[in-house]
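Listing of upload-v1.txt; format and content: compact mmCIF, C-alpha atoms.
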```txt
# COMPACT_ATOMS: atom_id res chain seq x y z
CA MET T 1 106.35 4.41 -62.98
CA ASN T 2 103.38 2.10 -62.48
CA ARG T 3 100.74 3.66 -60.25
CA THR T 4 97.07 3.14 -59.63
CA ALA T 5 94.60 5.66 -61.07
CA SER T 6 94.06 7.29 -57.68
CA ASP T 7 97.80 7.62 -57.13
CA ARG T 8 98.32 9.37 -60.46
CA ALA T 9 95.47 11.75 -59.68
CA THR T 10 96.78 12.77 -56.28
CA GLY T 11 100.51 12.31 -56.77
CA VAL T 12 100.62 10.51 -53.41
CA LEU T 13 101.87 6.95 -53.10
CA PRO T 14 99.84 4.63 -50.85
CA ASP T 15 101.20 3.22 -47.62
CA ALA T 16 102.35 -0.36 -48.25
CA ALA T 17 101.19 -1.69 -44.87
CA VAL T 18 97.70 -0.20 -45.27
CA VAL T 19 97.28 -1.55 -48.79
CA GLN T 20 98.64 -4.95 -47.75
CA ARG T 21 96.01 -5.33 -45.05
CA ARG T 22 93.25 -4.51 -47.51
CA VAL T 23 94.68 -6.84 -50.15
CA LEU T 24 94.83 -9.73 -47.69
CA ARG T 25 91.20 -9.17 -46.63
CA VAL T 26 89.99 -9.25 -50.22
CA LEU T 27 92.12 -12.27 -51.11
CA VAL T 28 90.84 -14.15 -48.06
CA ALA T 29 87.23 -13.56 -49.14
CA SER T 30 87.89 -14.74 -52.69
CA GLN T 31 89.87 -17.78 -51.52
CA VAL T 32 87.03 -18.97 -49.28
CA LEU T 33 84.79 -19.04 -52.34
CA SER T 34 87.33 -20.50 -54.74
CA GLY T 35 88.28 -23.19 -52.22
CA ALA T 36 84.72 -24.51 -52.34
CA GLY T 37 84.81 -24.49 -56.12
CA LEU T 38 88.12 -26.33 -56.26
CA ALA T 39 87.34 -28.97 -53.65
CA ALA T 40 83.88 -29.84 -54.93
CA GLY T 41 85.22 -30.79 -58.35
CA VAL T 42 88.19 -32.72 -56.99
CA THR T 43 85.91 -34.89 -54.87
CA VAL T 44 83.87 -36.35 -57.73
CA GLY T 45 85.90 -35.71 -60.89
CA ALA T 46 87.45 -39.19 -61.00
CA LEU T 47 84.18 -40.88 -60.05
CA LEU T 48 82.29 -39.03 -62.78
CA ALA T 49 84.81 -40.10 -65.41
CA GLN T 50 84.78 -43.68 -64.16
CA ASP T 51 80.98 -43.72 -64.32
CA MET T 52 80.83 -42.29 -67.85
CA LEU T 53 83.71 -44.37 -69.25
CA GLY T 54 83.30 -47.55 -67.20
CA ALA T 55 87.09 -47.88 -66.79
CA THR T 56 89.26 -47.38 -63.71
CA SER T 57 92.41 -46.92 -65.81
CA LEU T 58 91.07 -43.58 -67.06
CA ALA T 59 89.75 -42.38 -63.71
CA GLY T 60 92.83 -40.23 -63.27
CA LEU T 61 92.20 -38.43 -66.56
CA PRO T 62 89.94 -35.69 -65.11
CA SER T 63 92.64 -34.64 -62.66
CA ALA T 64 95.17 -34.66 -65.48
CA LEU T 65 92.90 -32.56 -67.68
CA PHE T 66 92.06 -29.85 -65.21
CA THR T 67 95.66 -29.64 -64.07
CA ALA T 68 96.73 -29.41 -67.74
CA GLY T 69 94.16 -26.67 -68.18
CA SER T 70 95.62 -24.94 -65.19
CA ALA T 71 99.03 -24.94 -66.93
CA LEU T 72 97.70 -22.84 -69.78
CA THR T 73 95.84 -20.60 -67.37
CA ALA T 74 98.97 -20.07 -65.26
CA VAL T 75 100.73 -18.65 -68.32
CA VAL T 76 97.82 -16.40 -69.24
CA VAL T 77 97.16 -15.18 -65.69
CA GLY T 78 100.87 -14.56 -65.18
CA ARG T 79 101.18 -12.51 -68.37
CA VAL T 80 97.98 -10.54 -67.78
CA SER T 81 99.07 -9.82 -64.21
CA GLN T 82 102.54 -8.77 -65.39
CA ARG T 83 101.05 -6.27 -67.81
CA HIS T 84 97.86 -5.09 -66.11
CA GLY T 85 98.12 -6.18 -62.45
CA ARG T 86 96.82 -9.01 -60.29
CA ARG T 87 93.15 -7.95 -60.30
CA PRO T 88 92.26 -8.56 -63.98
CA GLY T 89 94.40 -11.69 -64.16
CA LEU T 90 92.87 -13.40 -61.13
CA ALA T 91 89.28 -12.35 -61.89
CA ALA T 92 89.50 -13.66 -65.47
CA GLY T 93 90.95 -16.97 -64.26
CA TYR T 94 88.12 -17.62 -61.82
CA LEU T 95 85.48 -16.66 -64.37
CA THR T 96 86.97 -19.18 -66.79
CA GLY T 97 86.78 -21.84 -64.09
CA ALA T 98 83.06 -21.08 -63.68
CA VAL T 99 82.53 -21.59 -67.42
CA GLY T 100 84.31 -24.94 -67.19
CA SER T 101 82.03 -26.02 -64.34
CA LEU T 102 78.98 -25.28 -66.48
CA GLY T 103 80.54 -27.32 -69.28
CA VAL T 104 81.02 -30.35 -66.99
CA ILE T 105 77.34 -30.22 -66.00
CA THR T 106 76.30 -30.01 -69.66
CA ALA T 107 78.55 -32.95 -70.55
CA ALA T 108 77.02 -35.07 -67.78
CA VAL T 109 73.48 -34.26 -68.95
CA LEU T 110 74.37 -35.12 -72.56
CA ASP T 111 76.50 -38.13 -71.49
CA SER T 112 79.33 -36.81 -73.68
CA PRO T 113 82.82 -37.89 -72.58
CA VAL T 114 84.45 -35.65 -75.19
CA LEU T 115 82.65 -32.57 -73.89
CA LEU T 116 83.47 -33.66 -70.33
CA PHE T 117 87.18 -33.72 -71.08
CA VAL T 118 87.10 -30.32 -72.81
CA ALA T 119 85.11 -28.84 -69.92
CA LEU T 120 87.48 -30.28 -67.31
CA PHE T 121 90.38 -28.68 -69.16
CA VAL T 122 88.63 -25.30 -68.94
CA TYR T 123 87.62 -25.96 -65.31
CA GLY T 124 91.33 -26.21 -64.51
CA ALA T 125 91.54 -22.43 -64.80
CA GLY T 126 90.08 -22.21 -61.30
CA THR T 127 92.83 -24.42 -59.88
CA ALA T 128 95.60 -22.31 -61.40
CA THR T 129 94.01 -19.06 -60.27
CA ASN T 130 93.55 -20.37 -56.75
CA LEU T 131 97.30 -21.00 -56.56
CA GLN T 132 98.28 -17.75 -58.31
CA ALA T 133 96.41 -15.75 -55.67
CA ARG T 134 99.07 -16.64 -53.10
CA TYR T 135 101.61 -14.56 -55.00
CA ALA T 136 99.37 -11.50 -54.75
CA GLY T 137 99.52 -11.83 -50.98
CA ALA T 138 103.32 -11.55 -51.05
CA ASP T 139 103.70 -8.60 -53.44
CA LEU T 140 103.69 -5.95 -50.69
CA ALA T 141 105.08 -8.06 -47.85
CA PRO T 142 108.64 -7.48 -46.55
CA ARG T 143 111.01 -10.41 -47.04
CA ASP T 144 110.85 -11.68 -43.46
CA HIS T 145 107.04 -11.79 -43.58
CA ARG T 146 106.48 -13.18 -47.08
CA ALA T 147 105.82 -16.77 -46.05
CA ARG T 148 103.26 -15.59 -43.49
CA ALA T 149 101.55 -13.42 -46.11
CA VAL T 150 101.38 -16.38 -48.49
CA SER T 151 100.03 -18.61 -45.72
CA THR T 152 97.27 -16.12 -44.87
CA VAL T 153 95.95 -16.43 -48.41
CA LEU T 154 96.28 -20.22 -48.41
CA VAL T 155 94.54 -20.79 -45.09
CA ALA T 156 91.45 -18.95 -46.33
CA THR T 157 90.97 -21.75 -48.85
CA THR T 158 90.39 -24.11 -45.92
CA LEU T 159 86.87 -22.88 -45.18
CA GLY T 160 85.58 -23.44 -48.68
CA GLY T 161 87.84 -26.44 -49.22
CA VAL T 162 86.40 -28.33 -46.27
CA ALA T 163 82.81 -27.35 -47.02
CA GLY T 164 83.01 -28.26 -50.71
CA PRO T 165 83.58 -32.04 -50.41
CA ASN T 166 81.00 -32.35 -47.63
CA LEU T 167 78.43 -30.73 -49.90
CA ALA T 168 79.02 -33.41 -52.56
CA ALA T 169 76.10 -35.55 -51.42
CA PRO T 170 73.59 -32.65 -50.93
CA THR T 171 74.48 -31.04 -54.25
CA GLY T 172 74.19 -34.43 -55.91
CA THR T 173 70.67 -34.77 -54.53
CA LEU T 174 69.82 -31.27 -55.75
CA ALA T 175 71.23 -32.06 -59.18
CA GLU T 176 69.08 -35.18 -59.50
CA LYS T 177 65.99 -33.13 -58.68
CA LEU T 178 66.97 -30.79 -61.52
CA GLY T 179 67.42 -33.70 -63.93
CA ILE T 180 71.23 -33.63 -63.75
CA PRO T 181 73.32 -36.75 -62.95
CA GLY T 182 74.14 -36.77 -59.24
CA LEU T 183 77.91 -36.93 -59.67
CA ALA T 184 77.79 -33.63 -61.59
CA GLY T 185 76.05 -31.89 -58.69
CA PRO T 186 79.20 -30.56 -57.00
CA PHE T 187 80.04 -28.69 -60.19
CA LEU T 188 76.94 -26.58 -59.59
CA LEU T 189 78.65 -25.38 -56.43
CA SER T 190 81.95 -24.92 -58.30
CA GLY T 191 80.41 -22.72 -60.95
CA VAL T 192 78.69 -20.42 -58.47
CA ALA T 193 81.72 -20.25 -56.17
CA TYR T 194 84.20 -19.40 -58.93
CA ALA T 195 81.89 -16.75 -60.39
CA LEU T 196 81.51 -15.08 -56.98
CA ALA T 197 85.28 -15.17 -56.39
CA ALA T 198 85.81 -13.41 -59.73
CA LEU T 199 83.27 -10.75 -58.78
CA VAL T 200 84.89 -10.09 -55.38
CA LEU T 201 88.32 -9.59 -56.95
CA ALA T 202 87.09 -7.46 -59.85
CA VAL T 203 85.25 -5.09 -57.53
CA ARG T 204 87.36 -5.04 -54.35
CA LEU T 205 91.04 -5.69 -55.18
CA ARG T 206 91.93 -2.00 -55.43
CA PRO T 207 94.62 -0.71 -55.43
CA ASP T 208 96.32 -3.55 -57.23
CA PRO T 209 99.08 -5.09 -55.05
CA LEU T 210 101.60 -5.76 -57.82
CA LEU T 211 101.23 -2.34 -59.44
CA THR T 212 101.44 -0.69 -56.03
CA ALA T 213 104.60 -2.65 -55.16
CA ARG T 214 106.23 -1.49 -58.38
CA ALA T 215 105.26 2.13 -57.76
CA LEU T 216 106.69 2.01 -54.25
CA ALA T 217 109.88 0.30 -55.43
CA ASP T 218 110.39 2.83 -58.24
CA ALA T 219 109.90 5.67 -55.76
CA GLY T 220 113.04 4.64 -53.89
CA PRO T 221 114.33 2.24 -51.23
CA GLU T 222 112.35 3.98 -48.51
CA GLY T 223 109.08 2.96 -50.17
CA ALA T 224 109.98 -0.46 -51.51
CA PRO T 225 108.38 -3.30 -49.53
CA ALA T 226 110.69 -5.87 -51.08
CA GLY T 227 113.84 -3.97 -50.32
CA GLY T 228 114.85 -2.76 -53.77
CA THR T 229 113.80 -1.23 -57.04
CA ALA T 230 111.35 -2.86 -59.42
CA ALA T 231 114.21 -4.08 -61.58
CA ALA T 232 116.43 -5.30 -58.76
CA THR T 233 116.74 -8.93 -57.83
CA THR T 234 115.64 -9.53 -54.25
CA ASP T 235 117.78 -12.59 -53.59
CA ARG T 236 121.42 -13.26 -54.42
CA ASP T 237 120.62 -16.83 -55.51
CA GLY T 238 118.72 -15.52 -58.56
CA CYS T 239 118.08 -18.26 -61.10
CA GLY T 240 119.18 -20.97 -58.69
CA GLY T 241 116.45 -19.91 -56.28
CA VAL T 242 113.85 -20.14 -59.02
CA VAL T 243 114.97 -23.63 -59.99
CA LEU T 244 115.01 -24.87 -56.40
CA GLY T 245 111.63 -23.36 -55.55
CA ALA T 246 110.10 -24.78 -58.71
CA LEU T 247 111.58 -28.25 -58.07
CA ILE T 248 110.17 -28.37 -54.54
CA MET T 249 106.69 -27.39 -55.67
CA VAL T 250 106.74 -29.67 -58.74
CA LEU T 251 107.63 -32.77 -56.72
CA THR T 252 105.12 -32.09 -53.96
CA GLN T 253 102.37 -31.36 -56.51
CA LEU T 254 103.03 -34.52 -58.51
CA VAL T 255 102.95 -36.77 -55.46
CA MET T 256 99.96 -35.05 -53.89
CA VAL T 257 97.78 -35.13 -57.02
CA ALA T 258 98.60 -38.77 -57.83
CA ILE T 259 97.67 -40.12 -54.40
CA MET T 260 94.74 -37.78 -53.83
CA THR T 261 93.15 -38.52 -57.22
CA MET T 262 92.91 -42.27 -56.72
CA THR T 263 91.94 -42.31 -53.04
CA PRO T 264 88.18 -41.78 -53.74
CA VAL T 265 88.35 -44.56 -56.34
CA HIS T 266 90.17 -46.80 -53.84
CA LEU T 267 87.47 -46.15 -51.25
CA HIS T 268 84.72 -46.75 -53.80
CA ASP T 269 86.26 -50.08 -54.78
CA HIS T 270 86.10 -51.12 -51.11
CA GLY T 271 82.40 -50.37 -50.80
CA HIS T 272 82.42 -46.79 -49.53
CA GLY T 273 80.11 -44.15 -50.97
CA THR T 274 80.48 -40.51 -51.94
CA ALA T 275 80.00 -39.37 -48.34
CA ALA T 276 83.08 -41.29 -47.14
CA SER T 277 85.15 -39.95 -50.02
CA GLY T 278 83.94 -36.46 -49.17
CA VAL T 279 85.09 -36.78 -45.57
CA VAL T 280 88.54 -38.06 -46.54
CA ILE T 281 89.04 -35.37 -49.19
CA ALA T 282 87.79 -32.71 -46.75
CA VAL T 283 90.39 -33.83 -44.19
CA HIS T 284 93.03 -33.78 -46.92
CA ILE T 285 92.16 -30.27 -48.11
CA ALA T 286 92.00 -29.00 -44.52
CA ALA T 287 95.54 -30.32 -44.02
CA MET T 288 96.62 -28.68 -47.27
CA TYR T 289 95.58 -25.21 -46.14
CA LEU T 290 94.72 -25.05 -42.42
CA PRO T 291 98.32 -25.36 -41.14
CA SER T 292 99.40 -22.47 -43.40
CA PRO T 293 99.80 -19.82 -40.64
CA LEU T 294 102.05 -22.15 -38.66
CA THR T 295 103.94 -23.15 -41.81
CA GLY T 296 104.45 -19.50 -42.75
CA TRP T 297 105.85 -18.74 -39.31
CA LEU T 298 108.14 -21.77 -39.46
CA VAL T 299 109.45 -20.80 -42.89
CA ASP T 300 110.14 -17.21 -41.84
CA ARG T 301 111.60 -18.28 -38.49
CA PHE T 302 113.71 -21.34 -39.38
CA GLY T 303 114.33 -20.85 -43.08
CA ARG T 304 112.95 -22.00 -46.41
CA LEU T 305 115.26 -25.00 -46.80
CA ARG T 306 114.46 -26.75 -43.52
CA ILE T 307 110.73 -26.70 -44.13
CA ALA T 308 111.23 -27.85 -47.71
CA ALA T 309 113.13 -30.87 -46.35
CA ALA T 310 110.31 -31.51 -43.88
CA SER T 311 107.95 -31.61 -46.86
CA GLY T 312 109.71 -34.59 -48.42
CA LEU T 313 109.77 -36.54 -45.16
CA THR T 314 106.09 -35.86 -44.45
CA LEU T 315 105.06 -37.01 -47.93
CA LEU T 316 107.06 -40.21 -47.43
CA ALA T 317 105.17 -40.90 -44.21
CA SER T 318 101.89 -40.30 -46.02
CA GLY T 319 102.74 -42.70 -48.82
CA VAL T 320 103.79 -45.47 -46.43
CA LEU T 321 100.61 -45.11 -44.36
CA ALA T 322 98.33 -45.01 -47.40
CA ALA T 323 100.03 -48.08 -48.85
CA THR T 324 99.69 -50.12 -45.65
CA ALA T 325 96.24 -48.97 -44.48
CA PRO T 326 93.39 -51.48 -44.98
CA GLY T 327 91.10 -50.46 -47.82
CA ASP T 328 88.09 -50.45 -45.54
CA SER T 329 89.71 -48.13 -42.97
CA VAL T 330 88.39 -44.64 -43.66
CA GLY T 331 90.17 -43.34 -40.55
CA LEU T 332 93.66 -44.46 -41.54
CA LEU T 333 93.22 -43.28 -45.12
CA ALA T 334 92.02 -39.92 -43.83
CA LEU T 335 95.17 -39.69 -41.69
CA ALA T 336 97.35 -40.60 -44.68
CA LEU T 337 95.64 -37.92 -46.76
CA ALA T 338 96.09 -35.43 -43.93
CA LEU T 339 99.85 -36.07 -43.99
CA LEU T 340 99.73 -35.79 -47.77
CA GLY T 341 98.12 -32.37 -47.48
CA LEU T 342 100.56 -31.22 -44.79
CA GLY T 343 103.59 -32.26 -46.84
CA TRP T 344 102.19 -30.39 -49.83
CA ASN T 345 101.64 -27.32 -47.66
CA PHE T 346 105.23 -27.37 -46.41
CA GLY T 347 106.48 -27.59 -50.00
CA LEU T 348 104.18 -24.92 -51.42
CA VAL T 349 104.81 -22.27 -48.76
CA SER T 350 108.58 -22.77 -48.66
CA GLY T 351 108.84 -23.01 -52.46
CA THR T 352 106.71 -19.91 -52.99
CA ALA T 353 108.87 -17.92 -50.56
CA ILE T 354 112.03 -19.07 -52.35
CA ILE T 355 110.63 -18.04 -55.74
CA THR T 356 109.43 -14.64 -54.51
CA ASP T 357 112.79 -13.95 -52.87
CA ALA T 358 114.65 -14.74 -56.09
CA VAL T 359 112.59 -12.83 -58.70
CA PRO T 360 112.62 -9.04 -59.24
CA LEU T 361 109.33 -7.11 -59.32
CA ALA T 362 109.87 -6.18 -62.96
CA THR T 363 109.41 -9.82 -64.08
CA ARG T 364 107.84 -11.36 -61.00
CA ALA T 365 104.32 -12.19 -62.22
CA ARG T 366 105.50 -13.63 -65.54
CA THR T 367 108.11 -15.83 -63.87
CA GLN T 368 105.65 -16.97 -61.21
CA GLY T 369 103.19 -17.89 -63.95
CA MET T 370 105.80 -20.01 -65.73
CA VAL T 371 106.72 -21.74 -62.48
CA ASP T 372 103.08 -22.58 -61.93
CA VAL T 373 102.99 -24.07 -65.44
CA SER T 374 105.57 -26.61 -64.34
CA ILE T 375 103.55 -27.27 -61.21
CA ALA T 376 100.41 -27.82 -63.29
CA VAL T 377 102.23 -30.15 -65.69
CA ALA T 378 103.45 -32.14 -62.69
CA GLY T 379 99.88 -32.35 -61.42
CA ALA T 380 98.66 -33.50 -64.83
CA THR T 381 101.36 -36.15 -64.92
CA GLY T 382 100.44 -37.34 -61.46
CA GLY T 383 96.76 -37.41 -62.30
CA ILE T 384 96.94 -39.31 -65.57
CA SER T 385 99.60 -41.78 -64.37
CA SER T 386 97.79 -42.52 -61.12
CA GLY T 387 94.95 -44.38 -62.80
CA LEU T 388 97.34 -46.39 -64.94
CA VAL T 389 99.47 -47.38 -61.95
CA VAL T 390 96.46 -48.41 -59.88
CA ALA T 391 94.99 -50.42 -62.76
CA ALA T 392 98.32 -52.21 -63.29
CA SER T 393 99.66 -52.61 -59.75
CA GLY T 394 97.12 -51.35 -57.22
CA TYR T 395 96.71 -48.35 -54.95
CA PRO T 396 99.38 -49.38 -52.38
CA VAL T 397 102.08 -49.36 -55.08
CA LEU T 398 100.99 -45.89 -56.20
CA ALA T 399 101.06 -44.52 -52.65
CA LEU T 400 104.46 -46.01 -51.78
CA THR T 401 106.02 -44.90 -55.07
CA GLY T 402 104.79 -41.36 -54.49
CA GLY T 403 106.23 -41.26 -50.99
CA VAL T 404 109.66 -42.43 -52.14
CA LEU T 405 109.65 -39.97 -55.06
CA ALA T 406 109.08 -37.06 -52.64
CA LEU T 407 112.47 -37.77 -51.05
CA ALA T 408 114.12 -36.28 -54.15
CA VAL T 409 113.55 -32.91 -52.46
CA LEU T 410 116.26 -33.70 -49.90
CA PRO T 411 119.37 -33.79 -52.13
CA ALA T 412 118.28 -30.57 -53.88
CA VAL T 413 117.88 -28.83 -50.55
CA ALA T 414 121.18 -30.23 -49.27
CA ALA T 415 123.04 -29.04 -52.39
CA THR T 416 121.64 -25.52 -52.02
CA ALA T 417 122.48 -25.40 -48.31
CA TYR T 418 126.05 -26.50 -49.09
CA ARG T 419 126.51 -23.72 -51.69
CA ARG T 420 125.39 -21.13 -49.16
```

Starting from the file, give its structure as structure tokens.
Amino acid sequence: MNRTASDRATGVLPDAAVVQRRVLRVLVASQVLSGAGLAAGVTVGALLAQDMLGATSLAGLPSALFTAGSALTAVVVGRVSQRHGRRPGLAAGYLTGAVGSLGVITAAVLDSPVLLFVALFVYGAGTATNLQARYAGADLAPRDHRARAVSTVLVATTLGGVAGPNLAAPTGTLAEKLGIPGLAGPFLLSGVAYALAALVLAVRLRPDPLLTARALADAGPEGAPAGGTAAATTDRDGCGGVVLGALIMVLTQLVMVAIMTMTPVHLHDHGHGTAASGVVIAVHIAAMYLPSPLTGWLVDRFGRLRIAAASGLTLLASGVLAATAPGDSVGLLALALALLGLGWNFGLVSGTAIITDAVPLATRARTQGMVDVSIAVAGATGGISSGLVVAASGYPVLALTGGVLALAVLPAVAATAYRR
């Protein structure tokens, strides 16, 4: 039986509801910090690469690199969490993201594109860990409250996520005073934020939610928050649920990353500065995370499949608006990016709930890590292809293609609904 140190000493299992409340408080604190670290880098990553390389076609490479780095991290964090619990896995992931942020700053000072790309790959650890934290929020939640538990963790990212992009200009000014290129300034914020998030989790995430869930499940049905033993599957769909949940999150991630990555470049090409890009990305990230409580309630109330279908339709609306909005209209592009974030949120919350329902506690963290690898690969694909598409055909083609691609969620959802 897996128990925390205090449980083994006393022989008393903790109350799931009490531990869950504590876990959510700690995760919320860490997500506020990590949200700032994530958003700051996203805002200027493409612009920094464009400035160092002098080529728009490679401006999507930073997003591809840190999402590729997040793929490797998802595997590692998933395996560490499976073996030792969520706390060491998440803390190590954020600390690695902080190291990557320091590497990006060093690369900018040395004007070394090679070091920049390596550092961005390492920086991607923060992105993966930020997403993996949502699973920790669901470990001790009963099935009909899982989506709401996931959404509580996600919405905490909003505070840091909105602040991060809007600090791009001030941190750039600070960086220049320190002799660092201005576009690398936001990575100063990223490094500090990720390091603090790692510290909060390492010190405060006790008892560990995954280990506690296993202990309660092994103790018998009366203690199991997920409604079964650690080895039992929690959803009759099993593997099919994993595939569907992964597909939903892969498609929404690919479309979101592709359009988001090139929007700052699109604005820059139409004469807008870093401040305008920061506002648009801040609106986007707010829409990614702020609606989470409502999304969680909708998923638990009306079902995973309906909200997954809503994700595809919302992303289509985003792509159409982004493609048709004038390049000099910050307002319309901000609205398009808000819809992009909302569609992603619908897909992530519903997909995460589907995955968690389908996977037993005994293999949950490892499976979740592998699912997030596919999500990261999709993000990397979206990031690296976005620059190539814009260079060849323009931003409107990219946005419209992404919107149409998101509709592939609908037949998958319809097929699953028919089988049920």

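All residues of protein, DNA or RNA that reach within 8 Å of region 325-333 of chain T, judged by all atoms listed in the file and not counting those fewer than 5 positions away in the chain, are His266, Leu267, His270, Gly271, His272, Ala276 and Val280 of chain T.
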
Tell me, as a ChimeraX atom specification, which residues lie within 10 Å of Leu211 (chain T), counting all atoms listed in the file; anything in the same chain fewer than 3 positions away does not count. /T:1-4,81-87,139-140,207-208,214-217,361

Separation of CA of Leu47 (chain T) from CA of Val265 (chain T) in Å: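 The value is 6.7 Å.
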
Å distance separating CA of Gly78 (chain T) from CA of Ala309 (chain T), one decimal place: 27.8 Å

Could you tell me, as an MDAnalysis selection string, which residues have any atom at most 6 Å from (82.5, -30.6, -71.8), counting only C-alpha atoms? chainID T and resid 103:104 107 115:119

List as JSON, numbers by chain the protein and nucleic acid residues near region 395-408 of chain T, meaning an atom at most 6 Å away when all atoms listed in the file are counted, but skip any in the same chain fewer than 6 places from it. {"T": [255, 259, 312, 315, 316, 319, 320, 322, 323]}

How about saving the chosen residues, C-alpha atoms kept, as a PDB file, in the frame of the given file?
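So out-v9.pdb came out as:
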```pdb
ATOM      1  CA  VAL T 255     102.950 -36.770 -55.460  1.00  0.00           C
ATOM      2  CA  ILE T 259      97.670 -40.120 -54.400  1.00  0.00           C
ATOM      3  CA  GLY T 312     109.710 -34.590 -48.420  1.00  0.00           C
ATOM      4  CA  LEU T 315     105.060 -37.010 -47.930  1.00  0.00           C
ATOM      5  CA  LEU T 316     107.060 -40.210 -47.430  1.00  0.00           C
ATOM      6  CA  GLY T 319     102.740 -42.700 -48.820  1.00  0.00           C
ATOM      7  CA  VAL T 320     103.790 -45.470 -46.430  1.00  0.00           C
ATOM      8  CA  ALA T 322      98.330 -45.010 -47.400  1.00  0.00           C
ATOM      9  CA  ALA T 323     100.030 -48.080 -48.850  1.00  0.00           C
TER      10      ALA T 323
END
```

Of the residues T:Leu294, T:Ala175, T:Ala414, T:Ala336, which is the one nearest to Met256 (chain T), using all atoms listed in the file? T:Ala336

Could you tell me which of T:Ala365, T:Ile375, T:Ala128, T:Met262 comes closest to Ser34 (chain T) if we count only C-alpha atoms? T:Ala128

Shell of 7 Å around Leu254 (chain T), all atoms listed in the file, local chain residues under 3 positions omitted, as an NGL selection string: :T and (250-251 or 257-258 or 378-379 or 381-382)

Selected residues, C-alpha atoms, written as a tab-separated table (two decimals), in the frame of the given file, please.
```tsv
chain	number	residue	atom	x	y	z
T	250	VAL	CA	106.74	-29.67	-58.74
T	251	LEU	CA	107.63	-32.77	-56.72
T	257	VAL	CA	97.78	-35.13	-57.02
T	258	ALA	CA	98.60	-38.77	-57.83
T	378	ALA	CA	103.45	-32.14	-62.69
T	379	GLY	CA	99.88	-32.35	-61.42
T	381	THR	CA	101.36	-36.15	-64.92
T	382	GLY	CA	100.44	-37.34	-61.46
```

Expected residue set, 12 Å radius at (94.4, -19.9, -46.4), all atoms listed in the file, as a PDB file with C-alpha atoms, keeping the file's coordinate frame:
```pdb
ATOM      1  CA  LEU T  24      94.830  -9.730 -47.690  1.00  0.00           C
ATOM      2  CA  ARG T  25      91.200  -9.170 -46.630  1.00  0.00           C
ATOM      3  CA  LEU T  27      92.120 -12.270 -51.110  1.00  0.00           C
ATOM      4  CA  VAL T  28      90.840 -14.150 -48.060  1.00  0.00           C
ATOM      5  CA  ALA T  29      87.230 -13.560 -49.140  1.00  0.00           C
ATOM      6  CA  SER T  30      87.890 -14.740 -52.690  1.00  0.00           C
ATOM      7  CA  GLN T  31      89.870 -17.780 -51.520  1.00  0.00           C
ATOM      8  CA  VAL T  32      87.030 -18.970 -49.280  1.00  0.00           C
ATOM      9  CA  LEU T  33      84.790 -19.040 -52.340  1.00  0.00           C
ATOM     10  CA  SER T  34      87.330 -20.500 -54.740  1.00  0.00           C
ATOM     11  CA  GLY T  35      88.280 -23.190 -52.220  1.00  0.00           C
ATOM     12  CA  ASN T 130      93.550 -20.370 -56.750  1.00  0.00           C
ATOM     13  CA  LEU T 131      97.300 -21.000 -56.560  1.00  0.00           C
ATOM     14  CA  ALA T 133      96.410 -15.750 -55.670  1.00  0.00           C
ATOM     15  CA  ARG T 134      99.070 -16.640 -53.100  1.00  0.00           C
ATOM     16  CA  GLY T 137      99.520 -11.830 -50.980  1.00  0.00           C
ATOM     17  CA  ALA T 147     105.820 -16.770 -46.050  1.00  0.00           C
ATOM     18  CA  ARG T 148     103.260 -15.590 -43.490  1.00  0.00           C
ATOM     19  CA  ALA T 149     101.550 -13.420 -46.110  1.00  0.00           C
ATOM     20  CA  VAL T 150     101.380 -16.380 -48.490  1.00  0.00           C
ATOM     21  CA  SER T 151     100.030 -18.610 -45.720  1.00  0.00           C
ATOM     22  CA  THR T 152      97.270 -16.120 -44.870  1.00  0.00           C
ATOM     23  CA  VAL T 153      95.950 -16.430 -48.410  1.00  0.00           C
ATOM     24  CA  LEU T 154      96.280 -20.220 -48.410  1.00  0.00           C
ATOM     25  CA  VAL T 155      94.540 -20.790 -45.090  1.00  0.00           C
ATOM     26  CA  ALA T 156      91.450 -18.950 -46.330  1.00  0.00           C
ATOM     27  CA  THR T 157      90.970 -21.750 -48.850  1.00  0.00           C
ATOM     28  CA  THR T 158      90.390 -24.110 -45.920  1.00  0.00           C
ATOM     29  CA  LEU T 159      86.870 -22.880 -45.180  1.00  0.00           C
ATOM     30  CA  GLY T 160      85.580 -23.440 -48.680  1.00  0.00           C
ATOM     31  CA  GLY T 161      87.840 -26.440 -49.220  1.00  0.00           C
ATOM     32  CA  VAL T 162      86.400 -28.330 -46.270  1.00  0.00           C
ATOM     33  CA  ILE T 285      92.160 -30.270 -48.110  1.00  0.00           C
ATOM     34  CA  ALA T 286      92.000 -29.000 -44.520  1.00  0.00           C
ATOM     35  CA  ALA T 287      95.540 -30.320 -44.020  1.00  0.00           C
ATOM     36  CA  MET T 288      96.620 -28.680 -47.270  1.00  0.00           C
ATOM     37  CA  TYR T 289      95.580 -25.210 -46.140  1.00  0.00           C
ATOM     38  CA  LEU T 290      94.720 -25.050 -42.420  1.00  0.00           C
ATOM     39  CA  PRO T 291      98.320 -25.360 -41.140  1.00  0.00           C
ATOM     40  CA  SER T 292      99.400 -22.470 -43.400  1.00  0.00           C
ATOM     41  CA  PRO T 293      99.800 -19.820 -40.640  1.00  0.00           C
ATOM     42  CA  LEU T 294     102.050 -22.150 -38.660  1.00  0.00           C
ATOM     43  CA  THR T 295     103.940 -23.150 -41.810  1.00  0.00           C
ATOM     44  CA  GLY T 296     104.450 -19.500 -42.750  1.00  0.00           C
ATOM     45  CA  ASN T 345     101.640 -27.320 -47.660  1.00  0.00           C
ATOM     46  CA  VAL T 349     104.810 -22.270 -48.760  1.00  0.00           C
TER      47      VAL T 349
END
```
